[in-house]
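final.cif (mmCIF, C-alpha atoms)
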```cif
data_target
loop_
_atom_site.label_atom_id
_atom_site.label_comp_id
_atom_site.auth_asym_id
_atom_site.auth_seq_id
_atom_site.Cartn_x
_atom_site.Cartn_y
_atom_site.Cartn_z
CA MET C 510 106.91 89.30 99.82
CA VAL C 511 108.66 90.13 96.52
CA GLU C 512 105.95 88.27 94.59
CA SER C 513 103.29 90.43 96.24
CA LEU C 514 105.29 93.54 95.33
CA TYR C 515 105.47 92.52 91.67
CA LYS C 516 101.71 91.83 91.64
CA ALA C 517 101.01 95.22 93.22
CA ILE C 518 103.22 97.04 90.69
CA ALA C 519 101.61 95.16 87.78
CA ALA C 520 98.12 96.06 89.02
CA GLU C 521 99.06 99.74 89.33
CA CYS C 522 100.65 99.72 85.85
CA ARG C 523 97.51 98.21 84.30
CA SER C 524 95.30 100.85 85.93
CA SER C 525 97.68 103.63 84.80
CA VAL C 526 98.05 102.37 81.22
CA PRO C 527 94.99 100.29 80.22
CA GLU C 528 96.24 99.74 76.64
CA LEU C 529 99.28 97.75 77.84
CA LYS C 530 99.96 94.55 75.93
CA LYS C 531 102.32 92.90 78.42
CA ILE C 532 104.22 93.46 81.67
CA TYR C 533 107.61 91.78 81.81
CA ARG C 534 109.69 91.02 84.85
CA ASP C 535 113.51 91.28 84.87
CA ASN C 536 114.04 90.81 81.11
CA ILE C 537 112.32 91.35 77.78
CA PRO C 538 112.08 88.67 75.08
CA GLN C 539 113.13 89.37 71.50
CA ASN C 540 109.55 89.44 70.17
CA MET C 541 108.01 91.80 72.73
CA GLU C 542 104.64 93.41 72.09
CA PHE C 543 104.31 97.20 72.29
CA PRO C 544 103.30 99.06 74.42
CA CYS C 545 104.79 97.12 77.31
CA ILE C 546 106.40 97.58 80.71
CA LEU C 547 109.52 96.04 82.20
CA VAL C 548 109.78 95.90 86.01
CA GLU C 549 113.24 95.48 87.48
CA ILE C 550 114.62 95.51 91.00
CA VAL C 551 117.67 97.78 90.83
CA GLU C 552 118.92 97.44 94.40
CA THR C 553 117.95 95.72 97.64
CA THR C 554 119.17 96.67 101.11
CA ALA C 555 118.40 94.87 104.35
CA ARG C 556 118.83 95.99 107.95
CA ARG C 557 118.54 93.66 110.88
CA ARG C 558 115.97 94.43 113.56
CA LEU C 559 115.00 92.80 116.83
CA SER C 560 113.25 89.42 117.03
CA GLU C 561 114.25 87.94 113.67
CA ARG C 562 112.93 90.95 111.76
CA GLN C 563 114.54 92.69 108.80
CA ARG C 564 113.81 96.07 107.28
CA ILE C 565 113.98 95.59 103.49
CA LYS C 566 114.25 98.43 100.99
CA GLN C 567 113.69 97.60 97.31
CA ASN C 568 114.56 100.10 94.55
CA PHE C 569 112.49 99.58 91.41
CA ASP C 570 112.84 100.76 87.82
CA VAL C 571 109.56 100.49 85.92
CA GLN C 572 110.30 101.04 82.22
CA TYR C 573 107.56 101.91 79.76
CA PHE C 574 108.14 101.15 76.08
CA PRO C 575 105.62 103.11 73.96
CA GLY C 576 103.80 101.66 70.97
CA ASP C 577 103.32 104.71 68.74
CA GLU C 578 105.35 105.72 65.71
CA SER C 579 108.73 107.28 66.36
CA GLU C 580 107.52 110.92 66.24
CA ASN C 581 104.86 110.35 68.93
CA ARG C 582 106.83 108.17 71.33
CA ARG C 583 108.11 110.97 73.54
CA LYS C 584 104.64 112.51 73.72
CA GLU C 585 103.18 109.13 74.74
CA CYS C 586 105.89 108.72 77.38
CA GLU C 587 105.08 112.16 78.82
CA LYS C 588 101.39 111.27 79.06
CA VAL C 589 102.11 107.94 80.81
CA LYS C 590 104.67 109.60 83.09
CA GLN C 591 102.07 112.07 84.41
CA GLU C 592 99.55 109.28 84.98
CA MET C 593 102.05 107.04 86.81
CA LEU C 594 103.35 109.87 89.00
CA ARG C 595 99.76 110.59 90.06
CA ARG C 596 98.97 106.95 90.86
CA PHE C 597 102.02 105.28 92.41
CA ASP C 598 101.55 106.25 96.07
CA VAL C 599 100.21 103.15 97.78
CA ILE C 600 100.24 99.87 95.87
CA SER C 601 98.39 96.74 97.04
CA ALA C 602 98.22 93.02 96.29
CA ASP C 603 97.35 89.88 98.25
CA GLY C 604 95.88 92.03 101.04
CA ILE C 605 99.23 93.79 101.62
CA SER C 606 99.76 97.51 101.01
CA PHE C 607 103.13 99.07 100.23
CA TYR C 608 103.97 102.78 100.44
CA VAL C 609 105.94 104.11 97.48
CA ARG C 610 108.68 106.59 98.33
CA SER C 611 111.22 108.67 96.40
CA LYS C 612 109.40 108.66 93.07
CA SER C 613 111.20 110.08 90.08
CA ALA C 614 110.70 109.76 86.34
CA SER C 615 112.82 110.38 83.29
CA ILE C 616 112.63 109.64 79.58
CA VAL C 617 115.79 108.23 78.02
CA ASP C 618 115.89 107.14 74.34
CA ASP C 619 112.08 107.23 74.11
CA VAL C 620 111.69 104.91 77.12
CA LEU C 621 110.08 106.12 80.33
CA HIS C 622 111.84 105.16 83.57
CA LEU C 623 109.78 105.44 86.75
CA MET C 624 112.08 104.93 89.73
CA PHE C 625 110.85 104.46 93.30
CA ASP C 626 111.56 102.73 96.61
CA VAL C 627 109.41 100.43 98.68
CA THR C 628 110.30 99.65 102.30
CA TYR C 629 108.76 96.88 104.37
CA THR C 630 109.54 94.65 107.35
CA GLU C 631 109.90 90.90 107.07
CA TYR C 632 109.65 88.49 109.96
CA GLU C 633 111.27 85.09 109.69
CA GLU C 634 109.65 82.69 112.08
CA LYS C 635 112.18 80.08 113.02
CA GLU C 636 110.98 76.67 114.02
CA ILE C 637 112.03 75.97 117.57
CA PRO C 638 112.29 72.27 118.34
CA LYS C 639 109.86 71.24 121.02
CA MET C 640 110.69 68.93 123.84
CA GLU C 641 109.78 65.33 123.22
CA GLU C 642 107.97 63.16 125.69
CA MET C 643 110.17 60.82 127.65
CA ASN C 644 109.03 57.42 128.74
CA THR C 645 110.57 56.34 132.00
CA ASN C 646 110.26 53.01 133.70
CA LEU C 647 110.76 53.09 137.44
CA GLU C 648 110.80 49.78 139.21
CA THR C 649 111.65 48.96 142.80
CA GLU C 650 113.56 45.81 143.37
CA GLU C 651 113.03 43.52 146.30
CA LYS C 652 115.92 41.42 147.53
CA ASP C 653 115.12 38.23 149.38
CA GLY C 654 111.57 39.36 149.94
CA ARG C 655 112.71 42.43 151.79
CA ASN C 656 112.32 46.05 150.65
CA MET C 657 115.52 47.75 149.80
CA GLY C 658 116.39 50.84 151.76
CA LYS C 659 114.54 49.87 154.95
CA PRO C 660 116.59 49.06 158.01
CA GLU C 661 115.97 45.75 159.74
#
```
Will you turn the file into structure tokens for me?
Amino acid sequence: MVESLYKAIAAECRSSVPELKKIYRDNIPQNMEFPCILVEIVETTARRRLSERQRIKQNFDVQYFPGDESENRRKECEKVKQEMLRRFDVISADGISFYVRSKSASIVDDVLHLMFDVTYTEYEEKEIPKMEEMNTNLETEEKDGRNMGKPE
């Protein structure tokens, strides 16, 4: 499910910022290309439900690193912030849609941080061992040509 979430976030980021060079997951390499986005899971909470179900809540921090010169970075972040806040409502990938909740955005040190939550239910299907077929061999014994169990 997490892989589908990352795909959905990446697709939404590419539609929000078409000039993106790269989308990174969890860490950024030394030679990153600008503009780029880093997607991180900040916190995960799970609540048990009935029938092997869990309610999962993922908190994401999508960080946008602008590519302009230093005097235009904040302006670029503001533009991308407005576009992302308009778009990140329902994100989809692999035929699964996720509703985005609790969106907030801030710019810190010329880096845009879009924070949001996604909640979904997972079902873990446990394999229940099935009964095996038993082979039985029932034989009746005859003693001295007579059937057992019959009175004489």
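Once C:Asp618 and its same-chain neighbours fewer than 6 positions away are set aside, Gln572, Tyr573, Phe574, Pro575, Ser579, Arg582, Arg583 and Cys586 of chain C remain within 12 Å of it when counting all atoms listed in the file.
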Atomic distance atom CA of C:Glu528 - atom CA of C:Val551, expressed in Å with one decimal:
25.8 Å
The residue from C:Glu587, C:Asp603, C:Asp626, C:Glu633 with the smallest atom-to-atom distance to C:Phe569, counting only C-alpha atoms, is C:Asp626
Go through C:Lys566, C:Lys639, C:Arg596, C:Lys612 and flag the residue nearest C:Val627, using all atoms listed in the file for the distances.
C:Lys566
Can you list what the PyMOL selection byres ((chain C and resi 601) around 10) grabs from this structure, as a list in words?
Ser513, Leu514, Tyr515, Lys516, Ala517, Ile518, Ala519, Ala520, Glu521, Val599, Ile600, Ala602, Asp603, Gly604, Ile605, Ser606, Phe607 and Tyr608 of chain C
Hey, which of C:Leu529, C:Met510, C:Met643, C:Leu623 ends up closest to C:Ile565? Count all atoms listed in the file.
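With all atoms listed in the file as the atom set, the closest residue is C:Met510.
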Selected residue of minimal separation from C:Ser613 among C:Asn644, C:Thr630, C:Asn568, C:Asn536, counting all atoms listed in the file
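Counting all atoms listed in the file, the residue closest to C:Ser613 is C:Asn568.
Distances from C:Pro544, C:Ser560, C:Asp619, C:Asn646 to C:Glu580 were compared using only C-alpha atoms, and the smallest one belongs to C:Asp619.
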For atom CA of C:Phe597 and atom CA of C:Ile550, the interatomic separation in Å (one decimal):
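One can read the atom CA of C:Phe597 to atom CA of C:Ile550 distance as 16.0 Å.
Atom CA of C:Met593 is positioned 16.4 Å from atom CA of C:Lys531.
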For each of C:Thr645, C:Met541, C:Glu636, C:Thr628, take the minimum atom-to-atom distance to C:Arg556, counting all atoms listed in the file, then give the residue where this is smallest.
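Closest to C:Arg556 of all the choices is C:Thr628.
Residues selected in this file by the PyMOL selection byres ((chain C and resi 535) around 10) comprise Tyr533, Arg534, Asn536, Ile537, Leu547, Val548, Glu549, Ile550, Val551 and Asp570 of chain C.
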Will you model N, CA, C and O atoms for stretch 614-634 of chain C and pass it back as a PDB file, keeping the file's coordinate frame?
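Just written: selection32.pdb:
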```pdb
ATOM      1  N   ALA C 614     110.931 110.265  87.697  1.00  0.00           N
ATOM      2  CA  ALA C 614     110.700 109.760  86.340  1.00  0.00           C
ATOM      3  C   ALA C 614     111.573 110.506  85.362  1.00  0.00           C
ATOM      4  O   ALA C 614     111.818 111.706  85.513  1.00  0.00           O
ATOM      5  N   SER C 615     112.041 109.766  84.362  1.00  0.00           N
ATOM      6  CA  SER C 615     112.820 110.380  83.290  1.00  0.00           C
ATOM      7  C   SER C 615     112.569 109.594  82.002  1.00  0.00           C
ATOM      8  O   SER C 615     112.207 108.413  82.037  1.00  0.00           O
ATOM      9  N   ILE C 616     112.777 110.287  80.885  1.00  0.00           N
ATOM     10  CA  ILE C 616     112.630 109.640  79.580  1.00  0.00           C
ATOM     11  C   ILE C 616     114.002 109.626  78.923  1.00  0.00           C
ATOM     12  O   ILE C 616     114.611 110.674  78.710  1.00  0.00           O
ATOM     13  N   VAL C 617     114.484 108.419  78.631  1.00  0.00           N
ATOM     14  CA  VAL C 617     115.790 108.230  78.020  1.00  0.00           C
ATOM     15  C   VAL C 617     115.597 107.368  76.769  1.00  0.00           C
ATOM     16  O   VAL C 617     115.067 106.251  76.867  1.00  0.00           O
ATOM     17  N   ASP C 618     116.016 107.873  75.613  1.00  0.00           N
ATOM     18  CA  ASP C 618     115.890 107.140  74.340  1.00  0.00           C
ATOM     19  C   ASP C 618     114.470 106.653  74.095  1.00  0.00           C
ATOM     20  O   ASP C 618     114.237 105.490  73.737  1.00  0.00           O
ATOM     21  N   ASP C 619     113.505 107.519  74.307  1.00  0.00           N
ATOM     22  CA  ASP C 619     112.080 107.230  74.110  1.00  0.00           C
ATOM     23  C   ASP C 619     111.567 106.076  74.978  1.00  0.00           C
ATOM     24  O   ASP C 619     110.647 105.352  74.605  1.00  0.00           O
ATOM     25  N   VAL C 620     112.161 105.892  76.137  1.00  0.00           N
ATOM     26  CA  VAL C 620     111.690 104.910  77.120  1.00  0.00           C
ATOM     27  C   VAL C 620     111.535 105.641  78.441  1.00  0.00           C
ATOM     28  O   VAL C 620     112.454 106.305  78.906  1.00  0.00           O
ATOM     29  N   LEU C 621     110.358 105.496  79.039  1.00  0.00           N
ATOM     30  CA  LEU C 621     110.080 106.120  80.330  1.00  0.00           C
ATOM     31  C   LEU C 621     110.619 105.246  81.449  1.00  0.00           C
ATOM     32  O   LEU C 621     110.384 104.034  81.471  1.00  0.00           O
ATOM     33  N   HIS C 622     111.338 105.852  82.383  1.00  0.00           N
ATOM     34  CA  HIS C 622     111.840 105.160  83.570  1.00  0.00           C
ATOM     35  C   HIS C 622     111.196 105.783  84.796  1.00  0.00           C
ATOM     36  O   HIS C 622     111.450 106.947  85.104  1.00  0.00           O
ATOM     37  N   LEU C 623     110.368 105.019  85.481  1.00  0.00           N
ATOM     38  CA  LEU C 623     109.780 105.440  86.750  1.00  0.00           C
ATOM     39  C   LEU C 623     110.550 104.721  87.845  1.00  0.00           C
ATOM     40  O   LEU C 623     110.535 103.490  87.932  1.00  0.00           O
ATOM     41  N   MET C 624     111.260 105.490  88.660  1.00  0.00           N
ATOM     42  CA  MET C 624     112.080 104.930  89.730  1.00  0.00           C
ATOM     43  C   MET C 624     111.410 105.231  91.074  1.00  0.00           C
ATOM     44  O   MET C 624     110.931 106.347  91.280  1.00  0.00           O
ATOM     45  N   PHE C 625     111.401 104.245  91.955  1.00  0.00           N
ATOM     46  CA  PHE C 625     110.850 104.460  93.300  1.00  0.00           C
ATOM     47  C   PHE C 625     111.375 103.392  94.246  1.00  0.00           C
ATOM     48  O   PHE C 625     111.946 102.384  93.831  1.00  0.00           O
ATOM     49  N   ASP C 626     111.152 103.644  95.544  1.00  0.00           N
ATOM     50  CA  ASP C 626     111.560 102.730  96.610  1.00  0.00           C
ATOM     51  C   ASP C 626     110.329 102.222  97.333  1.00  0.00           C
ATOM     52  O   ASP C 626     109.348 102.956  97.484  1.00  0.00           O
ATOM     53  N   VAL C 627     110.423 101.005  97.810  1.00  0.00           N
ATOM     54  CA  VAL C 627     109.410 100.430  98.680  1.00  0.00           C
ATOM     55  C   VAL C 627     110.134  99.818  99.874  1.00  0.00           C
ATOM     56  O   VAL C 627     111.099  99.078  99.704  1.00  0.00           O
ATOM     57  N   THR C 628     109.678 100.157 101.080  1.00  0.00           N
ATOM     58  CA  THR C 628     110.300  99.650 102.300  1.00  0.00           C
ATOM     59  C   THR C 628     109.261  98.871 103.088  1.00  0.00           C
ATOM     60  O   THR C 628     108.123  99.313 103.232  1.00  0.00           O
ATOM     61  N   TYR C 629     109.664  97.711 103.584  1.00  0.00           N
ATOM     62  CA  TYR C 629     108.760  96.880 104.370  1.00  0.00           C
ATOM     63  C   TYR C 629     109.579  96.065 105.363  1.00  0.00           C
ATOM     64  O   TYR C 629     110.799  95.969 105.265  1.00  0.00           O
ATOM     65  N   THR C 630     108.889  95.472 106.333  1.00  0.00           N
ATOM     66  CA  THR C 630     109.540  94.650 107.350  1.00  0.00           C
ATOM     67  C   THR C 630     109.144  93.199 107.144  1.00  0.00           C
ATOM     68  O   THR C 630     107.965  92.896 106.959  1.00  0.00           O
ATOM     69  N   GLU C 631     110.143  92.332 107.168  1.00  0.00           N
ATOM     70  CA  GLU C 631     109.900  90.900 107.070  1.00  0.00           C
ATOM     71  C   GLU C 631     110.208  90.251 108.399  1.00  0.00           C
ATOM     72  O   GLU C 631     111.135  90.647 109.090  1.00  0.00           O
ATOM     73  N   TYR C 632     109.436  89.246 108.734  1.00  0.00           N
ATOM     74  CA  TYR C 632     109.650  88.490 109.960  1.00  0.00           C
ATOM     75  C   TYR C 632     109.863  87.040 109.578  1.00  0.00           C
ATOM     76  O   TYR C 632     109.023  86.435 108.910  1.00  0.00           O
ATOM     77  N   GLU C 633     110.986  86.490 109.972  1.00  0.00           N
ATOM     78  CA  GLU C 633     111.270  85.090 109.690  1.00  0.00           C
ATOM     79  C   GLU C 633     111.016  84.300 110.960  1.00  0.00           C
ATOM     80  O   GLU C 633     111.730  84.431 111.956  1.00  0.00           O
ATOM     81  N   GLU C 634     109.990  83.487 110.911  1.00  0.00           N
ATOM     82  CA  GLU C 634     109.650  82.690 112.080  1.00  0.00           C
ATOM     83  C   GLU C 634     110.460  81.403 112.019  1.00  0.00           C
ATOM     84  O   GLU C 634     110.311  80.597 111.115  1.00  0.00           O
TER      85      GLU C 634
END
```
